[in-house]
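Chemist: Got a structure here, written out as structure tokens. Questions coming.
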Amino acid sequence: MTAPTTDAPGYGGLGLYVGDIHNHCGISYGHGPVEDAYANARLQLDFASVTGHGWWHDLPERTPELASLVDYHTEGFARLADRWEHVQEVTAAAHEDGRFVTFQSFEWHSLAYGDHCVYFDGPRGEIIRAGSLEELRGRLRALAAEGVRTWALPHHIGYGTGRRGINWDAYTEEFAPVVEMMSMHGCAESDEAPRTYLHTMGPRDTTGTAVHGLRLGHRFGLIGSTDHHSAFPGSHGHGRLAVWAPELTRRAVWDAIEQRRTYAITGDRILLAASVNGAPMGAGTVSADRRRIRVTVQGRDALDHVEVVRNGVPIHRLSRPELLGAAVRSAAFDGTLGFAVGWGKRETPVHWDVVLRVEGGELLDVQPRLRGSETVAPAAAEPASYRPSDWRRTGPGELRLRTVTEGNPNTATDATQGFSLAVSGDDRTRLTAVVNGVETSYAVGELREGPRTGFTGGFVSGAFRFDRAVPARELTAELDLVDERPGGDGDFYHVRVRQLNDQWAWSSPTWVGRAGDGGRAGGSGGGAGAGRAAGTGRDGAAGPAGASCRRAG
């Protein structure tokens, strides 16, 4: 598949690739073989790293109350140590430049410093049982002297200091060019972000959010990963990492992350390119009182809004009425069709054999929306396989999916399996689904009016859904703004996007002035602090006299 590209400023020669570099399976504490994990990753990702739980230097003392928790972790660490050579062999075998990229990694826990995932720029590495974050970095420096590139990236940062969330006092860019902001734990963009923290570890703390760290003057990019525990990297909806890279190779993906050309997505492959005075996400630009902000978005479902955020506060929103504008409906259709299977009784397996055909039109692109089991805690019995789904293109306008669903575990968790299809045609173009031998078909003209559903049997049986046909005018957005900011050195900008199906994207920031060449802002004088010194209100929400944001003319 050819990677999507854009002619947006700062993105020339780059393609969009999507992966998940933090997820788990039965190699430590989790479920399923590492072989299943990489097989599942290849169903819908371009790159992946399957992460083993490796060490916890300040694990709480084993008291009667905490015995099960301590044993759970220590047994997982021992399991990874026993299987480490095998894990490295599987990681190496799964890699193929140009088709699918892998990295070796392990997770290092810490109450004091926050959890970090440690990565190696190849298929092999070592489990570092460091007793502090500085000791961990010391070993990474020694590896760097041997020519081995590494990272130690903070994740589930929002729990805050002392609770396995990020400790900004201990943070440095040295081995952390990006931080994991979105995962199954929730979203830690800010205290107002969607996907709040609901894990047993506790709620989200504002001091653990990305915006708080950026306002302190730190420079880092934003990524998402699933932190899935049942051998399904990229499980749709939990978090993924999008990178802008010149090619799909281990070195190109590593360099893109190192240079912060990254953004976090929840699941859908939303194309997002943002620049400030020509500098792309993750980069810095020189001091300027006048900032031209350009944003390109290509969604996979109807866009709800696109927001430009300065110093953590929205300064411009392109909302749905503006996105729709005065466009006139045409019989021609270029857009997306969606299809999903699932629902039914909870914990009651439904096996699906689905053939999807686009008739009277062209199937341009297929994006899976596949999910793995939500099992995290120890299970009484393990299934024979952790590969719930398989799919393939069976013709120019056809694909086949075989999968199993067990209903949605609750009314807030989506456990369906499905696809987003990019299609070109007209109102007479049809999407036909042969579901377990029974054919159902709808024309684009019918699906423009809204979704259609069907069932495998009677009440509360497994169900399927044809999503609303979404034309291109509802999927795309272009912003071209000028932000007048006299004396606003140190400002940082990022963009967030929401689709109507509640899939999100958040760009890495772009910085203006004060080491705007791409280095870290100088201590507390950078970031939002510089904006406040220039006369801004709450965290840069209002600029000095004369500051404004307007469309570029």
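Each chain of the structure tokens is named A, B, ... in the order shown, its residues numbered from 1; ligands are numbered from 1 in display order.
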Please provide the set of residues having any atom within 7 Å of range 331-333 of chain A, restricted to only C-alpha atoms, with same-chain residues fewer than 5 positions apart removed, written as a PDB file with all heavy atoms, in the first residue's frame.
Modeler:
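Saved result, result-v2.pdb, follows:
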```pdb
ATOM      1  N   SER A 424     -14.875   5.647  -4.568  1.00  0.00           N
ATOM      2  CA  SER A 424     -15.226   6.638  -5.592  1.00  0.00           C
ATOM      3  C   SER A 424     -16.332   6.057  -6.456  1.00  0.00           C
ATOM      4  O   SER A 424     -16.240   4.907  -6.907  1.00  0.00           O
ATOM      5  CB  SER A 424     -14.006   6.979  -6.450  1.00  0.00           C
ATOM      6  OG  SER A 424     -14.343   7.902  -7.466  1.00  0.00           O
ATOM      7  N   GLY A 425     -17.398   6.841  -6.667  1.00  0.00           N
ATOM      8  CA  GLY A 425     -18.514   6.357  -7.481  1.00  0.00           C
ATOM      9  C   GLY A 425     -19.600   7.404  -7.567  1.00  0.00           C
ATOM     10  O   GLY A 425     -19.331   8.591  -7.718  1.00  0.00           O
ATOM     11  N   ASP A 426     -20.842   6.965  -7.403  1.00  0.00           N
ATOM     12  CA  ASP A 426     -21.977   7.884  -7.395  1.00  0.00           C
ATOM     13  C   ASP A 426     -23.077   7.284  -6.538  1.00  0.00           C
ATOM     14  O   ASP A 426     -22.871   6.283  -5.843  1.00  0.00           O
ATOM     15  CB  ASP A 426     -22.462   8.185  -8.820  1.00  0.00           C
ATOM     16  CG  ASP A 426     -22.829   6.926  -9.607  1.00  0.00           C
ATOM     17  OD1 ASP A 426     -23.319   5.951  -8.984  1.00  0.00           O
ATOM     18  OD2 ASP A 426     -22.635   6.905 -10.819  1.00  0.00           O
ATOM     19  N   ASP A 427     -24.254   7.891  -6.567  1.00  0.00           N
ATOM     20  CA  ASP A 427     -25.345   7.437  -5.710  1.00  0.00           C
ATOM     21  C   ASP A 427     -25.771   5.999  -6.000  1.00  0.00           C
ATOM     22  O   ASP A 427     -26.380   5.338  -5.145  1.00  0.00           O
ATOM     23  CB  ASP A 427     -26.556   8.361  -5.869  1.00  0.00           C
ATOM     24  CG  ASP A 427     -26.447   9.619  -5.009  1.00  0.00           C
ATOM     25  OD1 ASP A 427     -25.526   9.674  -4.163  1.00  0.00           O
ATOM     26  OD2 ASP A 427     -27.272  10.525  -5.174  1.00  0.00           O
ATOM     27  N   PRO A 471     -19.368  11.949   2.373  1.00  0.00           N
ATOM     28  CA  PRO A 471     -18.669  12.525   1.226  1.00  0.00           C
ATOM     29  C   PRO A 471     -17.405  13.264   1.635  1.00  0.00           C
ATOM     30  O   PRO A 471     -17.245  13.665   2.798  1.00  0.00           O
ATOM     31  CB  PRO A 471     -19.704  13.484   0.633  1.00  0.00           C
ATOM     32  CG  PRO A 471     -20.579  13.861   1.785  1.00  0.00           C
ATOM     33  CD  PRO A 471     -20.626  12.647   2.676  1.00  0.00           C
TER      34      PRO A 471
END
```
Chemist: Name all residues at most 12 Å from range 390-403 of chain A (count only C-alpha atoms; drop same-chain ones fewer than 5 positions away) and give them as a CSV table (one decimal) with N, CA, C and O atoms, in the first residue's frame.
Modeler:
```csv
chain,number,residue,atom,x,y,z
A,1,MET,N,0.8,-1.2,0.0
A,1,MET,CA,0.0,0.0,0.0
A,1,MET,C,0.9,1.2,0.0
A,1,MET,O,1.9,1.3,0.7
A,36,ASP,N,1.5,-14.3,17.9
A,36,ASP,CA,0.2,-13.8,17.6
A,36,ASP,C,0.1,-12.3,17.6
A,36,ASP,O,-0.6,-11.7,16.8
A,39,ALA,N,1.5,-11.0,14.4
A,39,ALA,CA,0.5,-11.3,13.3
A,39,ALA,C,-0.6,-10.4,13.3
A,39,ALA,O,-1.1,-9.9,12.3
A,40,ASN,N,-1.2,-10.1,14.5
A,40,ASN,CA,-2.3,-9.2,14.6
A,40,ASN,C,-1.8,-7.7,14.2
A,40,ASN,O,-2.6,-7.0,13.6
A,41,ALA,N,-0.6,-7.3,14.6
A,41,ALA,CA,-0.1,-6.0,14.2
A,41,ALA,C,-0.1,-5.8,12.7
A,41,ALA,O,-0.5,-4.8,12.2
A,42,ARG,N,0.3,-6.9,12.0
A,42,ARG,CA,0.4,-6.7,10.5
A,42,ARG,C,-0.9,-6.6,9.8
A,42,ARG,O,-1.0,-6.2,8.7
A,43,LEU,N,-2.0,-6.9,10.5
A,43,LEU,CA,-3.3,-6.7,9.9
A,43,LEU,C,-3.7,-5.3,9.7
A,43,LEU,O,-4.5,-5.0,8.8
A,44,GLN,N,-3.1,-4.3,10.4
A,44,GLN,CA,-3.6,-3.0,10.3
A,44,GLN,C,-2.5,-1.9,10.6
A,44,GLN,O,-2.8,-0.7,10.6
A,339,PHE,N,-18.3,-0.3,7.7
A,339,PHE,CA,-19.0,-1.6,8.0
A,339,PHE,C,-18.4,-2.2,9.2
A,339,PHE,O,-17.2,-2.2,9.4
A,340,ALA,N,-19.3,-2.7,10.1
A,340,ALA,CA,-18.8,-3.3,11.3
A,340,ALA,C,-19.8,-4.5,11.7
A,340,ALA,O,-21.0,-4.5,11.4
A,341,VAL,N,-19.2,-5.4,12.5
A,341,VAL,CA,-19.9,-6.6,13.0
A,341,VAL,C,-19.7,-6.7,14.5
A,341,VAL,O,-18.6,-6.2,15.0
A,342,GLY,N,-20.7,-7.2,15.2
A,342,GLY,CA,-20.5,-7.4,16.7
A,342,GLY,C,-21.8,-7.4,17.4
A,342,GLY,O,-22.8,-8.0,16.9
A,349,PRO,N,-19.8,-15.8,22.1
A,349,PRO,CA,-19.1,-15.7,20.8
A,349,PRO,C,-20.0,-15.8,19.6
A,349,PRO,O,-20.9,-16.6,19.5
A,350,VAL,N,-19.7,-14.9,18.6
A,350,VAL,CA,-20.4,-15.0,17.3
A,350,VAL,C,-19.3,-15.0,16.3
A,350,VAL,O,-18.4,-14.2,16.3
A,351,HIS,N,-19.3,-16.1,15.5
A,351,HIS,CA,-18.3,-16.2,14.4
A,351,HIS,C,-18.8,-15.6,13.1
A,351,HIS,O,-20.0,-15.8,12.7
A,352,TRP,N,-17.9,-14.8,12.5
A,352,TRP,CA,-18.3,-14.1,11.3
A,352,TRP,C,-17.5,-14.5,10.1
A,352,TRP,O,-16.2,-14.6,10.2
A,353,ASP,N,-18.1,-14.6,9.0
A,353,ASP,CA,-17.4,-14.8,7.7
A,353,ASP,C,-18.1,-13.8,6.7
A,353,ASP,O,-19.3,-14.0,6.3
A,354,VAL,N,-17.4,-12.7,6.4
A,354,VAL,CA,-18.0,-11.6,5.7
A,354,VAL,C,-17.2,-11.3,4.5
A,354,VAL,O,-16.0,-11.2,4.5
A,355,VAL,N,-17.9,-11.1,3.4
A,355,VAL,CA,-17.4,-10.7,2.1
A,355,VAL,C,-18.0,-9.3,1.8
A,355,VAL,O,-19.2,-9.2,1.8
A,356,LEU,N,-17.2,-8.3,1.6
A,356,LEU,CA,-17.6,-6.9,1.3
A,356,LEU,C,-17.2,-6.7,-0.2
A,356,LEU,O,-16.1,-6.9,-0.6
A,357,ARG,N,-18.2,-6.1,-1.0
A,357,ARG,CA,-18.0,-5.8,-2.4
A,357,ARG,C,-18.5,-4.4,-2.7
A,357,ARG,O,-19.6,-4.0,-2.3
A,358,VAL,N,-17.6,-3.6,-3.3
A,358,VAL,CA,-18.0,-2.3,-3.9
A,358,VAL,C,-18.4,-2.5,-5.3
A,358,VAL,O,-17.5,-3.0,-6.1
A,359,GLU,N,-19.6,-2.3,-5.7
A,359,GLU,CA,-20.1,-2.5,-7.0
A,359,GLU,C,-20.5,-1.2,-7.7
A,359,GLU,O,-21.2,-0.4,-7.1
A,360,GLY,N,-20.1,-1.0,-8.9
A,360,GLY,CA,-20.4,0.2,-9.6
A,360,GLY,C,-19.6,1.4,-9.2
A,360,GLY,O,-20.0,2.5,-9.4
A,361,GLY,N,-18.5,1.1,-8.6
A,361,GLY,CA,-17.6,2.2,-8.1
A,361,GLY,C,-16.2,1.6,-7.9
A,361,GLY,O,-16.0,0.4,-8.2
A,362,GLU,N,-15.3,2.4,-7.4
A,362,GLU,CA,-13.9,2.0,-7.2
A,362,GLU,C,-13.6,2.0,-5.7
A,362,GLU,O,-13.8,2.9,-5.0
A,363,LEU,N,-13.0,0.8,-5.2
A,363,LEU,CA,-12.6,0.7,-3.8
A,363,LEU,C,-11.1,1.2,-3.8
A,363,LEU,O,-10.2,0.6,-4.3
A,364,LEU,N,-10.9,2.4,-3.3
A,364,LEU,CA,-9.6,3.1,-3.3
A,364,LEU,C,-8.7,2.6,-2.2
A,364,LEU,O,-7.5,2.5,-2.4
A,365,ASP,N,-9.2,2.4,-1.0
A,365,ASP,CA,-8.4,2.1,0.1
A,365,ASP,C,-9.2,1.4,1.2
A,365,ASP,O,-10.4,1.7,1.3
A,366,VAL,N,-8.5,0.5,1.9
A,366,VAL,CA,-9.2,-0.2,3.0
A,366,VAL,C,-8.4,0.1,4.3
A,366,VAL,O,-7.2,-0.1,4.4
A,367,GLN,N,-9.1,0.6,5.3
A,367,GLN,CA,-8.5,0.8,6.7
A,367,GLN,C,-9.3,-0.1,7.7
A,367,GLN,O,-10.4,0.2,8.0
A,368,PRO,N,-8.6,-1.1,8.2
A,368,PRO,CA,-9.3,-1.9,9.2
A,368,PRO,C,-9.5,-1.2,10.5
A,368,PRO,O,-8.8,-0.3,10.9
A,369,ARG,N,-10.6,-1.6,11.2
A,369,ARG,CA,-10.9,-1.1,12.6
A,369,ARG,C,-11.1,-2.4,13.4
A,369,ARG,O,-12.2,-2.7,13.8
A,370,LEU,N,-9.9,-3.0,13.7
A,370,LEU,CA,-10.0,-4.3,14.4
A,370,LEU,C,-9.5,-4.2,15.8
A,370,LEU,O,-8.7,-3.3,16.1
A,371,ARG,N,-10.0,-5.0,16.7
A,371,ARG,CA,-9.8,-5.0,18.1
A,371,ARG,C,-9.4,-6.3,18.7
A,371,ARG,O,-9.9,-7.4,18.1
A,372,GLY,N,-8.7,-6.3,19.7
A,372,GLY,CA,-8.3,-7.5,20.5
A,372,GLY,C,-9.1,-7.7,21.7
A,372,GLY,O,-9.9,-6.8,22.1
A,415,ALA,N,-16.5,-3.2,21.1
A,415,ALA,CA,-15.8,-4.4,20.8
A,415,ALA,C,-16.1,-4.9,19.4
A,415,ALA,O,-15.9,-6.1,19.2
A,416,THR,N,-16.6,-4.1,18.5
A,416,THR,CA,-16.9,-4.5,17.2
A,416,THR,C,-15.6,-4.7,16.4
A,416,THR,O,-14.6,-4.2,16.7
A,417,GLN,N,-15.8,-5.3,15.2
A,417,GLN,CA,-14.7,-5.4,14.2
A,417,GLN,C,-15.2,-4.8,12.9
A,417,GLN,O,-16.4,-5.1,12.5
A,418,GLY,N,-14.4,-4.1,12.2
A,418,GLY,CA,-14.9,-3.5,11.0
A,418,GLY,C,-13.9,-2.8,10.1
A,418,GLY,O,-12.7,-3.0,10.3
A,419,PHE,N,-14.4,-2.0,9.2
A,419,PHE,CA,-13.5,-1.3,8.2
A,419,PHE,C,-14.0,0.0,7.9
A,419,PHE,O,-15.2,0.3,8.0
A,420,SER,N,-13.1,0.9,7.4
A,420,SER,CA,-13.4,2.1,6.8
A,420,SER,C,-12.9,2.0,5.3
A,420,SER,O,-11.8,1.7,5.1
A,421,LEU,N,-13.8,2.2,4.4
A,421,LEU,CA,-13.5,2.0,3.0
A,421,LEU,C,-13.6,3.3,2.2
A,421,LEU,O,-14.6,4.0,2.3
A,422,ALA,N,-12.5,3.7,1.6
A,422,ALA,CA,-12.5,4.9,0.7
A,422,ALA,C,-13.0,4.5,-0.7
A,422,ALA,O,-12.4,3.6,-1.3
A,423,VAL,N,-14.1,5.1,-1.1
A,423,VAL,CA,-14.8,4.7,-2.4
A,423,VAL,C,-15.0,5.9,-3.3
A,423,VAL,O,-15.3,7.0,-2.8
A,424,SER,N,-14.9,5.6,-4.6
A,424,SER,CA,-15.2,6.6,-5.6
A,424,SER,C,-16.3,6.1,-6.5
A,424,SER,O,-16.2,4.9,-6.9
A,425,GLY,N,-17.4,6.8,-6.7
A,425,GLY,CA,-18.5,6.4,-7.5
A,425,GLY,C,-19.6,7.4,-7.6
A,425,GLY,O,-19.3,8.6,-7.7
A,429,THR,N,-23.6,3.5,-6.8
A,429,THR,CA,-22.6,2.6,-6.3
A,429,THR,C,-23.2,1.9,-5.1
A,429,THR,O,-23.8,2.5,-4.2
A,430,ARG,N,-22.9,0.6,-5.0
A,430,ARG,CA,-23.4,-0.2,-3.9
A,430,ARG,C,-22.3,-0.9,-3.1
A,430,ARG,O,-21.3,-1.2,-3.6
A,431,LEU,N,-22.6,-1.0,-1.8
A,431,LEU,CA,-21.8,-1.8,-0.9
A,431,LEU,C,-22.6,-3.0,-0.5
A,431,LEU,O,-23.7,-2.9,0.1
A,432,THR,N,-22.1,-4.1,-0.9
A,432,THR,CA,-22.8,-5.4,-0.7
A,432,THR,C,-22.0,-6.2,0.4
A,432,THR,O,-20.8,-6.3,0.3
A,433,ALA,N,-22.7,-6.7,1.3
A,433,ALA,CA,-22.1,-7.5,2.4
A,433,ALA,C,-22.7,-8.9,2.4
A,433,ALA,O,-24.0,-9.0,2.5
A,434,VAL,N,-21.9,-9.9,2.2
A,434,VAL,CA,-22.4,-11.3,2.4
A,434,VAL,C,-21.9,-11.8,3.8
A,434,VAL,O,-20.7,-12.0,4.0
A,435,VAL,N,-22.9,-11.8,4.7
A,435,VAL,CA,-22.6,-12.1,6.1
A,435,VAL,C,-23.0,-13.5,6.5
A,435,VAL,O,-24.2,-13.8,6.4
A,436,ASN,N,-22.1,-14.3,6.7
A,436,ASN,CA,-22.4,-15.8,7.0
A,436,ASN,C,-23.3,-16.4,6.0
A,436,ASN,O,-24.3,-17.1,6.3
```
Chemist: When distances are computed from only C-alpha atoms, which of A:Val438, A:Val512, A:Ile223, A:Ala379 shows the smallest separation from His31 in chain A?
Modeler: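 Result for the nearest residue to His31 in chain A: A:Ala379.
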Chemist: Neighbouring residues of Glu374 in chain A were defined as those with any atom within 9 Å, considering only C-alpha atoms; residues of the same chain fewer than 4 positions away were excluded. Please report them as a ChimeraX atom specification.
Modeler: /A:228-230,409,415
Chemist: Please write the residues from the selection above to a file, keeping all heavy atoms, as a compact mmCIF listing (two decimals), in the first residue's frame.
Modeler:
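Output file selection.txt follows:
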```
# COMPACT_ATOMS: atom_id res chain seq x y z
N HIS A 228 -2.18 -2.27 25.22
CA HIS A 228 -3.06 -3.44 25.20
C HIS A 228 -2.32 -4.63 25.80
O HIS A 228 -1.11 -4.77 25.63
CB HIS A 228 -3.48 -3.74 23.75
CG HIS A 228 -4.62 -4.67 23.62
ND1 HIS A 228 -4.46 -6.02 23.44
CD2 HIS A 228 -5.96 -4.46 23.63
CE1 HIS A 228 -5.64 -6.61 23.34
NE2 HIS A 228 -6.57 -5.68 23.46
N HIS A 229 -3.03 -5.52 26.48
CA HIS A 229 -2.38 -6.63 27.20
C HIS A 229 -2.75 -8.01 26.66
O HIS A 229 -2.44 -9.02 27.30
CB HIS A 229 -2.74 -6.56 28.69
CG HIS A 229 -1.88 -5.62 29.48
ND1 HIS A 229 -1.83 -4.27 29.22
CD2 HIS A 229 -1.03 -5.82 30.52
CE1 HIS A 229 -0.99 -3.68 30.07
NE2 HIS A 229 -0.49 -4.60 30.86
N SER A 230 -3.38 -8.07 25.50
CA SER A 230 -3.82 -9.37 24.98
C SER A 230 -3.41 -9.59 23.53
O SER A 230 -4.21 -9.99 22.68
CB SER A 230 -5.34 -9.51 25.13
OG SER A 230 -5.70 -9.52 26.49
N PRO A 409 -18.59 -5.36 26.06
CA PRO A 409 -18.56 -5.68 27.50
C PRO A 409 -19.39 -4.75 28.36
O PRO A 409 -19.81 -5.11 29.46
CB PRO A 409 -17.07 -5.59 27.85
CG PRO A 409 -16.47 -4.74 26.78
CD PRO A 409 -17.26 -5.01 25.54
N ALA A 415 -16.51 -3.17 21.10
CA ALA A 415 -15.77 -4.39 20.82
C ALA A 415 -16.10 -4.94 19.44
O ALA A 415 -15.93 -6.13 19.19
CB ALA A 415 -16.07 -5.44 21.90
```
Chemist: Which polymer residues have any atom within 8 Å of an atom of Asp191 in chain A, counting only C-alpha atoms, with same-chain residues fewer than 4 positions away left out, as a list in words?
Modeler: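 With the cut-off at 8 Å, the set is Arg204, Asp205, Thr206 and Thr209 of chain A.
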Chemist: List every residue of range 196-291 of chain A that DSSP, applied to the backbone of this structure, assigns to strand (DSSP E or B), and report them as a short mmCIF file (atom, residue, chain, number, x, y, z; two decimals) with C-alpha atoms, in the first residue's frame.
Modeler:
```cif
data_model
loop_
_atom_site.label_atom_id
_atom_site.label_comp_id
_atom_site.auth_asym_id
_atom_site.auth_seq_id
_atom_site.Cartn_x
_atom_site.Cartn_y
_atom_site.Cartn_z
CA GLY A 221 6.38 15.36 20.71
CA LEU A 222 3.12 13.52 21.32
CA ILE A 223 2.37 9.88 20.57
CA GLY A 224 -0.29 7.31 21.29
CA ARG A 240 -1.76 4.68 18.00
CA LEU A 241 1.32 6.56 16.82
CA ALA A 242 1.35 8.32 13.44
CA VAL A 243 4.67 9.42 11.92
CA TRP A 244 5.69 11.44 8.87
CA ALA A 245 8.68 9.60 7.40
CA THR A 262 4.65 12.42 15.26
CA TYR A 263 1.07 12.69 16.35
CA ALA A 264 -1.27 10.70 18.55
CA ILE A 265 -4.44 9.12 17.24
CA LEU A 271 -4.16 12.44 8.16
CA LEU A 272 -2.98 15.55 10.02
CA ALA A 273 -0.31 18.00 8.88
CA ALA A 274 0.23 21.29 10.71
CA SER A 275 2.89 23.98 10.33
CA VAL A 276 3.77 27.38 11.77
CA ALA A 279 7.92 24.57 10.33
CA PRO A 280 6.15 21.20 10.71
CA GLY A 284 10.82 25.08 15.99
CA THR A 285 10.86 28.30 14.02
CA ARG A 290 3.32 37.16 12.85
CA ARG A 291 2.73 33.40 12.64
#
```
Chemist: Select, from A:Asp227, A:Leu216, A:Gly160, A:Ile293, the residue with the minimum atom-to-atom distance to Glu107 in chain A, counting only C-alpha atoms.
Modeler: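 Selected residue with least distance to Glu107 in chain A: A:Asp227.
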Chemist: Can you work out the spacing between CA of Ile315 in chain A and CA of Asn501 in chain A in Å, to one decimal?
Modeler: 23.8 Å
Chemist: If you run DSSP on this backbone, which residues of range 133-309 of chain A come out as helix (DSSP H, G or I), and could you give them as a ChimeraX atom specification?
Modeler: /A:133-145,157-159,173-175,206-208,210-215,250-258
